[in-house]
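start-v3.pdb (PDB, C-alpha atoms)
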```pdb
ATOM      1  CA  MET A   1      52.746 -37.035  56.945  1.00  0.00           C
ATOM      2  CA  SER A   2      51.248 -35.755  53.690  1.00  0.00           C
ATOM      3  CA  SER A   3      52.920 -34.804  50.468  1.00  0.00           C
ATOM      4  CA  THR A   4      51.833 -32.312  47.834  1.00  0.00           C
ATOM      5  CA  PRO A   5      51.091 -34.027  44.526  1.00  0.00           C
ATOM      6  CA  ILE A   6      53.229 -32.888  41.602  1.00  0.00           C
ATOM      7  CA  PRO A   7      51.173 -32.066  38.514  1.00  0.00           C
ATOM      8  CA  PRO A   8      52.074 -34.108  35.451  1.00  0.00           C
ATOM      9  CA  SER A   9      54.276 -32.457  32.901  1.00  0.00           C
ATOM     10  CA  GLY A  10      55.974 -33.296  29.640  1.00  0.00           C
ATOM     11  CA  PRO A  11      53.991 -36.105  27.991  1.00  0.00           C
ATOM     12  CA  SER A  12      50.542 -34.826  29.016  1.00  0.00           C
ATOM     13  CA  GLY A  13      51.415 -31.321  27.945  1.00  0.00           C
ATOM     14  CA  ALA A  14      52.694 -32.604  24.646  1.00  0.00           C
ATOM     15  CA  HIS A  15      49.522 -34.651  24.286  1.00  0.00           C
ATOM     16  CA  GLY A  16      47.425 -31.519  24.753  1.00  0.00           C
ATOM     17  CA  GLU A  17      49.462 -29.651  22.186  1.00  0.00           C
ATOM     18  CA  GLY A  18      49.078 -32.544  19.784  1.00  0.00           C
ATOM     19  CA  GLN A  19      45.303 -32.528  20.203  1.00  0.00           C
ATOM     20  CA  HIS A  20      45.215 -28.779  19.586  1.00  0.00           C
ATOM     21  CA  ALA A  21      47.349 -29.210  16.462  1.00  0.00           C
ATOM     22  CA  ASN A  22      45.060 -31.971  15.187  1.00  0.00           C
ATOM     23  CA  HIS A  23      42.011 -29.735  15.679  1.00  0.00           C
ATOM     24  CA  ASN A  24      43.698 -26.924  13.737  1.00  0.00           C
ATOM     25  CA  LEU A  25      44.609 -29.259  10.905  1.00  0.00           C
ATOM     26  CA  THR A  26      41.103 -30.706  10.789  1.00  0.00           C
ATOM     27  CA  GLY A  27      39.678 -27.205  10.580  1.00  0.00           C
ATOM     28  CA  PHE A  28      42.032 -26.379   7.728  1.00  0.00           C
ATOM     29  CA  ILE A  29      40.993 -29.510   5.824  1.00  0.00           C
ATOM     30  CA  ILE A  30      37.360 -28.456   6.216  1.00  0.00           C
ATOM     31  CA  PHE A  31      38.335 -25.039   4.833  1.00  0.00           C
ATOM     32  CA  LEU A  32      39.912 -26.713   1.783  1.00  0.00           C
ATOM     33  CA  CYS A  33      36.718 -28.699   1.272  1.00  0.00           C
ATOM     34  CA  SER A  34      34.710 -25.472   1.252  1.00  0.00           C
ATOM     35  CA  GLU A  35      37.147 -23.991  -1.270  1.00  0.00           C
ATOM     36  CA  SER A  36      36.684 -27.100  -3.402  1.00  0.00           C
ATOM     37  CA  VAL A  37      32.940 -26.491  -3.455  1.00  0.00           C
ATOM     38  CA  ILE A  38      33.489 -22.912  -4.652  1.00  0.00           C
ATOM     39  CA  PHE A  39      35.790 -24.006  -7.456  1.00  0.00           C
ATOM     40  CA  LEU A  40      33.435 -26.834  -8.389  1.00  0.00           C
ATOM     41  CA  ALA A  41      30.641 -24.276  -8.754  1.00  0.00           C
ATOM     42  CA  PHE A  42      32.891 -22.173 -11.009  1.00  0.00           C
ATOM     43  CA  PHE A  43      33.866 -25.189 -13.110  1.00  0.00           C
ATOM     44  CA  SER A  44      30.258 -26.292 -13.500  1.00  0.00           C
ATOM     45  CA  GLY A  45      29.146 -22.775 -14.414  1.00  0.00           C
ATOM     46  CA  TYR A  46      31.895 -22.480 -17.005  1.00  0.00           C
ATOM     47  CA  ALA A  47      30.992 -25.822 -18.586  1.00  0.00           C
ATOM     48  CA  LEU A  48      27.266 -25.029 -18.712  1.00  0.00           C
ATOM     49  CA  LEU A  49      27.838 -21.591 -20.184  1.00  0.00           C
ATOM     50  CA  ARG A  50      30.181 -22.926 -22.830  1.00  0.00           C
ATOM     51  CA  LEU A  51      27.887 -25.761 -23.824  1.00  0.00           C
ATOM     52  CA  SER A  52      24.906 -23.432 -24.161  1.00  0.00           C
ATOM     53  CA  ALA A  53      26.659 -20.501 -25.893  1.00  0.00           C
ATOM     54  CA  LEU A  54      26.307 -20.118 -29.651  1.00  0.00           C
ATOM     55  CA  ASP A  55      29.334 -17.834 -30.041  1.00  0.00           C
ATOM     56  CA  TRP A  56      31.664 -18.649 -27.170  1.00  0.00           C
ATOM     57  CA  LEU A  57      34.821 -16.769 -28.170  1.00  0.00           C
ATOM     58  CA  PRO A  58      34.826 -12.967 -28.573  1.00  0.00           C
ATOM     59  CA  ALA A  59      34.891 -11.554 -32.086  1.00  0.00           C
ATOM     60  CA  GLY A  60      38.330 -11.805 -33.655  1.00  0.00           C
ATOM     61  CA  VAL A  61      39.576 -14.394 -31.143  1.00  0.00           C
ATOM     62  CA  ASP A  62      40.229 -17.876 -32.524  1.00  0.00           C
ATOM     63  CA  GLY A  63      41.447 -19.428 -29.283  1.00  0.00           C
ATOM     64  CA  LEU A  64      43.990 -19.193 -26.507  1.00  0.00           C
ATOM     65  CA  GLU A  65      47.740 -19.494 -26.880  1.00  0.00           C
ATOM     66  CA  TRP A  66      48.642 -22.622 -24.922  1.00  0.00           C
ATOM     67  CA  ARG A  67      52.471 -22.757 -24.985  1.00  0.00           C
ATOM     68  CA  MET A  68      53.164 -20.360 -22.111  1.00  0.00           C
ATOM     69  CA  PRO A  69      50.291 -21.738 -19.984  1.00  0.00           C
ATOM     70  CA  LEU A  70      51.705 -25.220 -20.589  1.00  0.00           C
ATOM     71  CA  ILE A  71      55.120 -24.100 -19.318  1.00  0.00           C
ATOM     72  CA  ASN A  72      53.428 -22.501 -16.305  1.00  0.00           C
ATOM     73  CA  THR A  73      51.569 -25.748 -15.685  1.00  0.00           C
ATOM     74  CA  VAL A  74      54.770 -27.794 -15.734  1.00  0.00           C
ATOM     75  CA  VAL A  75      56.419 -25.331 -13.338  1.00  0.00           C
ATOM     76  CA  LEU A  76      53.477 -25.296 -10.932  1.00  0.00           C
ATOM     77  CA  VAL A  77      53.054 -29.072 -10.894  1.00  0.00           C
ATOM     78  CA  SER A  78      56.810 -29.492 -10.403  1.00  0.00           C
ATOM     79  CA  SER A  79      56.615 -27.143  -7.421  1.00  0.00           C
ATOM     80  CA  SER A  80      54.515 -29.750  -5.632  1.00  0.00           C
ATOM     81  CA  LEU A  81      57.424 -32.169  -6.029  1.00  0.00           C
ATOM     82  CA  THR A  82      59.949 -29.689  -4.616  1.00  0.00           C
ATOM     83  CA  MET A  83      57.626 -29.136  -1.678  1.00  0.00           C
ATOM     84  CA  VAL A  84      57.506 -32.881  -1.007  1.00  0.00           C
ATOM     85  CA  VAL A  85      61.315 -32.964  -1.102  1.00  0.00           C
ATOM     86  CA  ALA A  86      61.441 -30.018   1.327  1.00  0.00           C
ATOM     87  CA  GLU A  87      59.148 -31.830   3.765  1.00  0.00           C
ATOM     88  CA  HIS A  88      61.291 -34.962   3.430  1.00  0.00           C
ATOM     89  CA  PHE A  89      64.401 -33.053   4.504  1.00  0.00           C
ATOM     90  CA  LYS A  90      62.514 -31.437   7.361  1.00  0.00           C
ATOM     91  CA  GLY A  91      61.535 -34.885   8.589  1.00  0.00           C
ATOM     92  CA  LYS A  92      65.205 -35.899   8.457  1.00  0.00           C
ATOM     93  CA  GLY A  93      66.145 -32.863  10.512  1.00  0.00           C
ATOM     94  CA  LYS A  94      68.088 -31.290   7.633  1.00  0.00           C
ATOM     95  CA  ILE A  95      66.607 -27.855   8.154  1.00  0.00           C
ATOM     96  CA  TRP A  96      68.808 -25.978   5.664  1.00  0.00           C
ATOM     97  CA  LEU A  97      67.911 -28.329   2.832  1.00  0.00           C
ATOM     98  CA  PHE A  98      64.273 -27.933   3.858  1.00  0.00           C
ATOM     99  CA  ARG A  99      64.614 -24.159   3.596  1.00  0.00           C
ATOM    100  CA  GLY A 100      66.358 -24.423   0.227  1.00  0.00           C
ATOM    101  CA  PHE A 101      63.683 -26.560  -1.427  1.00  0.00           C
ATOM    102  CA  TRP A 102      60.924 -24.591   0.313  1.00  0.00           C
ATOM    103  CA  LEU A 103      62.368 -21.387  -1.141  1.00  0.00           C
ATOM    104  CA  LEU A 104      62.623 -23.047  -4.554  1.00  0.00           C
ATOM    105  CA  THR A 105      58.919 -23.896  -4.336  1.00  0.00           C
ATOM    106  CA  MET A 106      58.151 -20.253  -3.571  1.00  0.00           C
ATOM    107  CA  ALA A 107      60.237 -19.167  -6.567  1.00  0.00           C
ATOM    108  CA  MET A 108      58.372 -21.556  -8.869  1.00  0.00           C
ATOM    109  CA  GLY A 109      55.034 -20.244  -7.633  1.00  0.00           C
ATOM    110  CA  THR A 110      56.233 -16.690  -8.240  1.00  0.00           C
ATOM    111  CA  TYR A 111      57.302 -17.643 -11.768  1.00  0.00           C
ATOM    112  CA  PHE A 112      53.802 -19.012 -12.375  1.00  0.00           C
ATOM    113  CA  LEU A 113      52.256 -15.675 -11.382  1.00  0.00           C
ATOM    114  CA  TYR A 114      54.752 -13.855 -13.588  1.00  0.00           C
ATOM    115  CA  GLY A 115      53.884 -16.107 -16.526  1.00  0.00           C
ATOM    116  CA  GLN A 116      50.194 -15.505 -15.960  1.00  0.00           C
ATOM    117  CA  ALA A 117      50.742 -11.733 -15.897  1.00  0.00           C
ATOM    118  CA  VAL A 118      52.675 -11.942 -19.182  1.00  0.00           C
ATOM    119  CA  GLU A 119      49.858 -13.981 -20.708  1.00  0.00           C
ATOM    120  CA  TRP A 120      47.237 -11.488 -19.569  1.00  0.00           C
ATOM    121  CA  SER A 121      49.205  -8.577 -21.004  1.00  0.00           C
ATOM    122  CA  GLY A 122      49.260 -10.231 -24.430  1.00  0.00           C
ATOM    123  CA  LEU A 123      45.574 -11.100 -24.647  1.00  0.00           C
ATOM    124  CA  THR A 124      43.409  -9.255 -27.144  1.00  0.00           C
ATOM    125  CA  PHE A 125      40.242  -9.455 -25.037  1.00  0.00           C
ATOM    126  CA  GLY A 126      39.278  -8.134 -21.622  1.00  0.00           C
ATOM    127  CA  PHE A 127      37.057  -8.959 -18.672  1.00  0.00           C
ATOM    128  CA  THR A 128      34.062  -7.388 -20.422  1.00  0.00           C
ATOM    129  CA  SER A 129      34.590  -9.271 -23.700  1.00  0.00           C
ATOM    130  CA  GLY A 130      31.518 -11.416 -23.483  1.00  0.00           C
ATOM    131  CA  THR A 131      30.911 -14.439 -21.290  1.00  0.00           C
ATOM    132  CA  PHE A 132      34.194 -16.029 -22.271  1.00  0.00           C
ATOM    133  CA  GLY A 133      36.256 -13.010 -21.263  1.00  0.00           C
ATOM    134  CA  GLY A 134      34.486 -12.672 -17.932  1.00  0.00           C
ATOM    135  CA  THR A 135      34.767 -16.341 -17.000  1.00  0.00           C
ATOM    136  CA  PHE A 136      38.397 -16.592 -18.165  1.00  0.00           C
ATOM    137  CA  TYR A 137      39.618 -13.697 -16.037  1.00  0.00           C
ATOM    138  CA  LEU A 138      37.442 -14.724 -13.096  1.00  0.00           C
ATOM    139  CA  LEU A 139      38.742 -18.290 -13.024  1.00  0.00           C
ATOM    140  CA  THR A 140      42.411 -17.538 -13.656  1.00  0.00           C
ATOM    141  CA  GLY A 141      42.374 -14.494 -11.378  1.00  0.00           C
ATOM    142  CA  PHE A 142      40.719 -16.336  -8.503  1.00  0.00           C
ATOM    143  CA  HIS A 143      43.203 -19.155  -8.843  1.00  0.00           C
ATOM    144  CA  GLY A 144      46.086 -16.678  -9.063  1.00  0.00           C
ATOM    145  CA  LEU A 145      44.925 -15.174  -5.779  1.00  0.00           C
ATOM    146  CA  HIS A 146      45.205 -18.619  -4.210  1.00  0.00           C
ATOM    147  CA  VAL A 147      48.718 -19.044  -5.625  1.00  0.00           C
ATOM    148  CA  LEU A 148      49.712 -15.701  -4.089  1.00  0.00           C
ATOM    149  CA  THR A 149      48.188 -16.780  -0.760  1.00  0.00           C
ATOM    150  CA  GLY A 150      50.172 -20.026  -0.893  1.00  0.00           C
ATOM    151  CA  ILE A 151      53.417 -18.123  -1.533  1.00  0.00           C
ATOM    152  CA  LEU A 152      52.728 -15.831   1.432  1.00  0.00           C
ATOM    153  CA  LEU A 153      51.991 -18.833   3.662  1.00  0.00           C
ATOM    154  CA  MET A 154      55.241 -20.469   2.573  1.00  0.00           C
ATOM    155  CA  GLY A 155      57.098 -17.261   3.350  1.00  0.00           C
ATOM    156  CA  LEU A 156      55.613 -17.253   6.834  1.00  0.00           C
ATOM    157  CA  MET A 157      56.585 -20.885   7.406  1.00  0.00           C
ATOM    158  CA  LEU A 158      60.093 -20.179   6.104  1.00  0.00           C
ATOM    159  CA  ALA A 159      60.492 -17.301   8.546  1.00  0.00           C
ATOM    160  CA  LYS A 160      59.178 -19.429  11.438  1.00  0.00           C
ATOM    161  CA  SER A 161      61.743 -22.135  10.640  1.00  0.00           C
ATOM    162  CA  PHE A 162      64.409 -19.771  12.007  1.00  0.00           C
ATOM    163  CA  VAL A 163      62.653 -19.586  15.392  1.00  0.00           C
ATOM    164  CA  PRO A 164      64.390 -21.950  17.864  1.00  0.00           C
ATOM    165  CA  GLY A 165      62.109 -24.809  18.952  1.00  0.00           C
ATOM    166  CA  ASN A 166      59.442 -23.832  16.416  1.00  0.00           C
ATOM    167  CA  TYR A 167      58.559 -27.457  15.649  1.00  0.00           C
ATOM    168  CA  ASP A 168      58.500 -28.664  19.252  1.00  0.00           C
ATOM    169  CA  GLY A 169      54.723 -28.282  19.460  1.00  0.00           C
ATOM    170  CA  GLY A 170      54.006 -29.861  16.092  1.00  0.00           C
ATOM    171  CA  GLU A 171      54.395 -29.148  12.394  1.00  0.00           C
ATOM    172  CA  GLU A 172      50.782 -28.429  11.478  1.00  0.00           C
ATOM    173  CA  GLY A 173      51.693 -25.090   9.851  1.00  0.00           C
ATOM    174  CA  VAL A 174      53.979 -26.734   7.309  1.00  0.00           C
ATOM    175  CA  ILE A 175      51.513 -29.572   6.736  1.00  0.00           C
ATOM    176  CA  ALA A 176      48.604 -27.167   6.208  1.00  0.00           C
ATOM    177  CA  THR A 177      50.631 -25.030   3.805  1.00  0.00           C
ATOM    178  CA  SER A 178      51.652 -28.140   1.877  1.00  0.00           C
ATOM    179  CA  LEU A 179      48.048 -29.315   1.594  1.00  0.00           C
ATOM    180  CA  PHE A 180      46.983 -25.880   0.390  1.00  0.00           C
ATOM    181  CA  TRP A 181      49.705 -25.827  -2.264  1.00  0.00           C
ATOM    182  CA  HIS A 182      48.851 -29.290  -3.583  1.00  0.00           C
ATOM    183  CA  PHE A 183      45.202 -28.205  -3.674  1.00  0.00           C
ATOM    184  CA  VAL A 184      46.134 -25.128  -5.747  1.00  0.00           C
ATOM    185  CA  ASP A 185      48.082 -27.327  -8.163  1.00  0.00           C
ATOM    186  CA  VAL A 186      45.199 -29.744  -8.686  1.00  0.00           C
ATOM    187  CA  ILE A 187      42.789 -26.856  -9.274  1.00  0.00           C
ATOM    188  CA  TRP A 188      45.093 -25.422 -11.933  1.00  0.00           C
ATOM    189  CA  ILE A 189      45.317 -28.765 -13.773  1.00  0.00           C
ATOM    190  CA  ILE A 190      41.517 -28.796 -14.017  1.00  0.00           C
ATOM    191  CA  LEU A 191      41.515 -25.165 -15.150  1.00  0.00           C
ATOM    192  CA  PHE A 192      44.148 -25.864 -17.792  1.00  0.00           C
ATOM    193  CA  VAL A 193      42.015 -28.665 -19.231  1.00  0.00           C
ATOM    194  CA  LEU A 194      38.870 -26.515 -19.227  1.00  0.00           C
ATOM    195  CA  LEU A 195      40.423 -23.340 -20.635  1.00  0.00           C
ATOM    196  CA  TYR A 196      43.190 -24.552 -22.938  1.00  0.00           C
ATOM    197  CA  VAL A 197      42.649 -28.225 -23.806  1.00  0.00           C
ATOM    198  CA  TRP A 198      38.869 -28.250 -24.231  1.00  0.00           C
ATOM    199  CA  ARG A 199      38.488 -26.795 -27.709  1.00  0.00           C
ATOM    200  CA  ALA A 200      35.716 -28.873 -29.313  1.00  0.00           C
TER     201      ALA A 200
END
```

As structure tokens - that is how I would like this structure written.
Amino acid sequence: MSSTPIPPSGPSGAHGEGQHANHNLTGFIIFLCSESVIFLAFFSGYALLRLSALDWLPAGVDGLEWRMPLINTVVLVSSSLTMVVAEHFKGKGKIWLFRGFWLLTMAMGTYFLYGQAVEWSGLTFGFTSGTFGGTFYLLTGFHGLHVLTGILLMGLMLAKSFVPGNYDGGEEGVIATSLFWHFVDVIWIILFVLLYVWRA
């Protein structure tokens, strides 16, 4: 008398999903590494151009106002902390607190973009105002695009948190979004030093 074997379920299926999630996360980390190379090229180009330029600032421009960018920096860096708190509550299963701090992080990122737009509107030079003008708008604009992307990713993860059983197959979406946001914050700290602190 023979019996039909029952295919394994549950643990092996979960194991397969876990492997797939790990592959996705690894791919995303590689993507962040490639983005790091791009920003490193921009940073290096900016430094070389500044060191070799005789007249770095456009005519009539003495320097950049740093107070509003400093406030934006504090807000953006603090948003990394609120994101960590949000992930902590998600790990504890307190989904509503996760959503609250996640939404707060999105709001802080939006404030950063607003502050950058206000700064741009008050500048007396444009993209075509010499090498400084071109590099300033290129660097801050490219970074701002990444901030906007991070906000959109957070919005997607926030919407998915309302889907029943969304985290049963893993949490790689939230982890990837968190890594991206921390990456954006670190990039801005470097930009702030290059653009606003480095004056000599």

Which residues, written as a list in words, have at least one atom at most 9 Å from Trp102 of chain A, with only C-alpha atoms counted and residues fewer than 3 positions away on the same chain left out?
-> Thr82, Met83, Val85, Ala86, Glu87, Leu97, Phe98, Arg99, Thr105, Met106, Ala107, Met154, Gly155 and Leu158 of chain A

Write out the residues from the selection above, keeping C-alpha atoms, as an mmCIF file, in the coordinates of the input.
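Result went into result.cif, see below:
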```
data_model
loop_
_atom_site.group_PDB
_atom_site.id
_atom_site.type_symbol
_atom_site.label_atom_id
_atom_site.label_comp_id
_atom_site.auth_asym_id
_atom_site.auth_seq_id
_atom_site.Cartn_x
_atom_site.Cartn_y
_atom_site.Cartn_z
ATOM 1 C CA THR A 82 59.949 -29.689 -4.616
ATOM 2 C CA MET A 83 57.626 -29.136 -1.678
ATOM 3 C CA VAL A 85 61.315 -32.964 -1.102
ATOM 4 C CA ALA A 86 61.441 -30.018 1.327
ATOM 5 C CA GLU A 87 59.148 -31.830 3.765
ATOM 6 C CA LEU A 97 67.911 -28.329 2.832
ATOM 7 C CA PHE A 98 64.273 -27.933 3.858
ATOM 8 C CA ARG A 99 64.614 -24.159 3.596
ATOM 9 C CA THR A 105 58.919 -23.896 -4.336
ATOM 10 C CA MET A 106 58.151 -20.253 -3.571
ATOM 11 C CA ALA A 107 60.237 -19.167 -6.567
ATOM 12 C CA MET A 154 55.241 -20.469 2.573
ATOM 13 C CA GLY A 155 57.098 -17.261 3.350
ATOM 14 C CA LEU A 158 60.093 -20.179 6.104
#
```

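Each of A:Leu139, A:Arg67, A:Val186, A:Trp120 was compared to Ala41 of chain A using only C-alpha atoms, and A:Leu139 turns out to be the nearest.
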
Can you give me, as a PyMOL selection string, the residues this file yields under the PyMOL selection byres ((chain A and resi 74) around 12)?
-> chain A and resi 67-73+75-81+108-109+111-112+115+185+188-189+192

Non-local contacts of Phe142 of chain A (12 Å; all atoms listed in the file; under 5 positions in same chain excluded) as a PyMOL selection string | chain A and resi 35+38-39+42+113+134-137+147-149+184+187-188+191

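Nearest residue to His88 of chain A, choosing from A:His146, A:Arg199, A:Val174, A:Asp55 and counting all atoms listed in the file: A:Val174.
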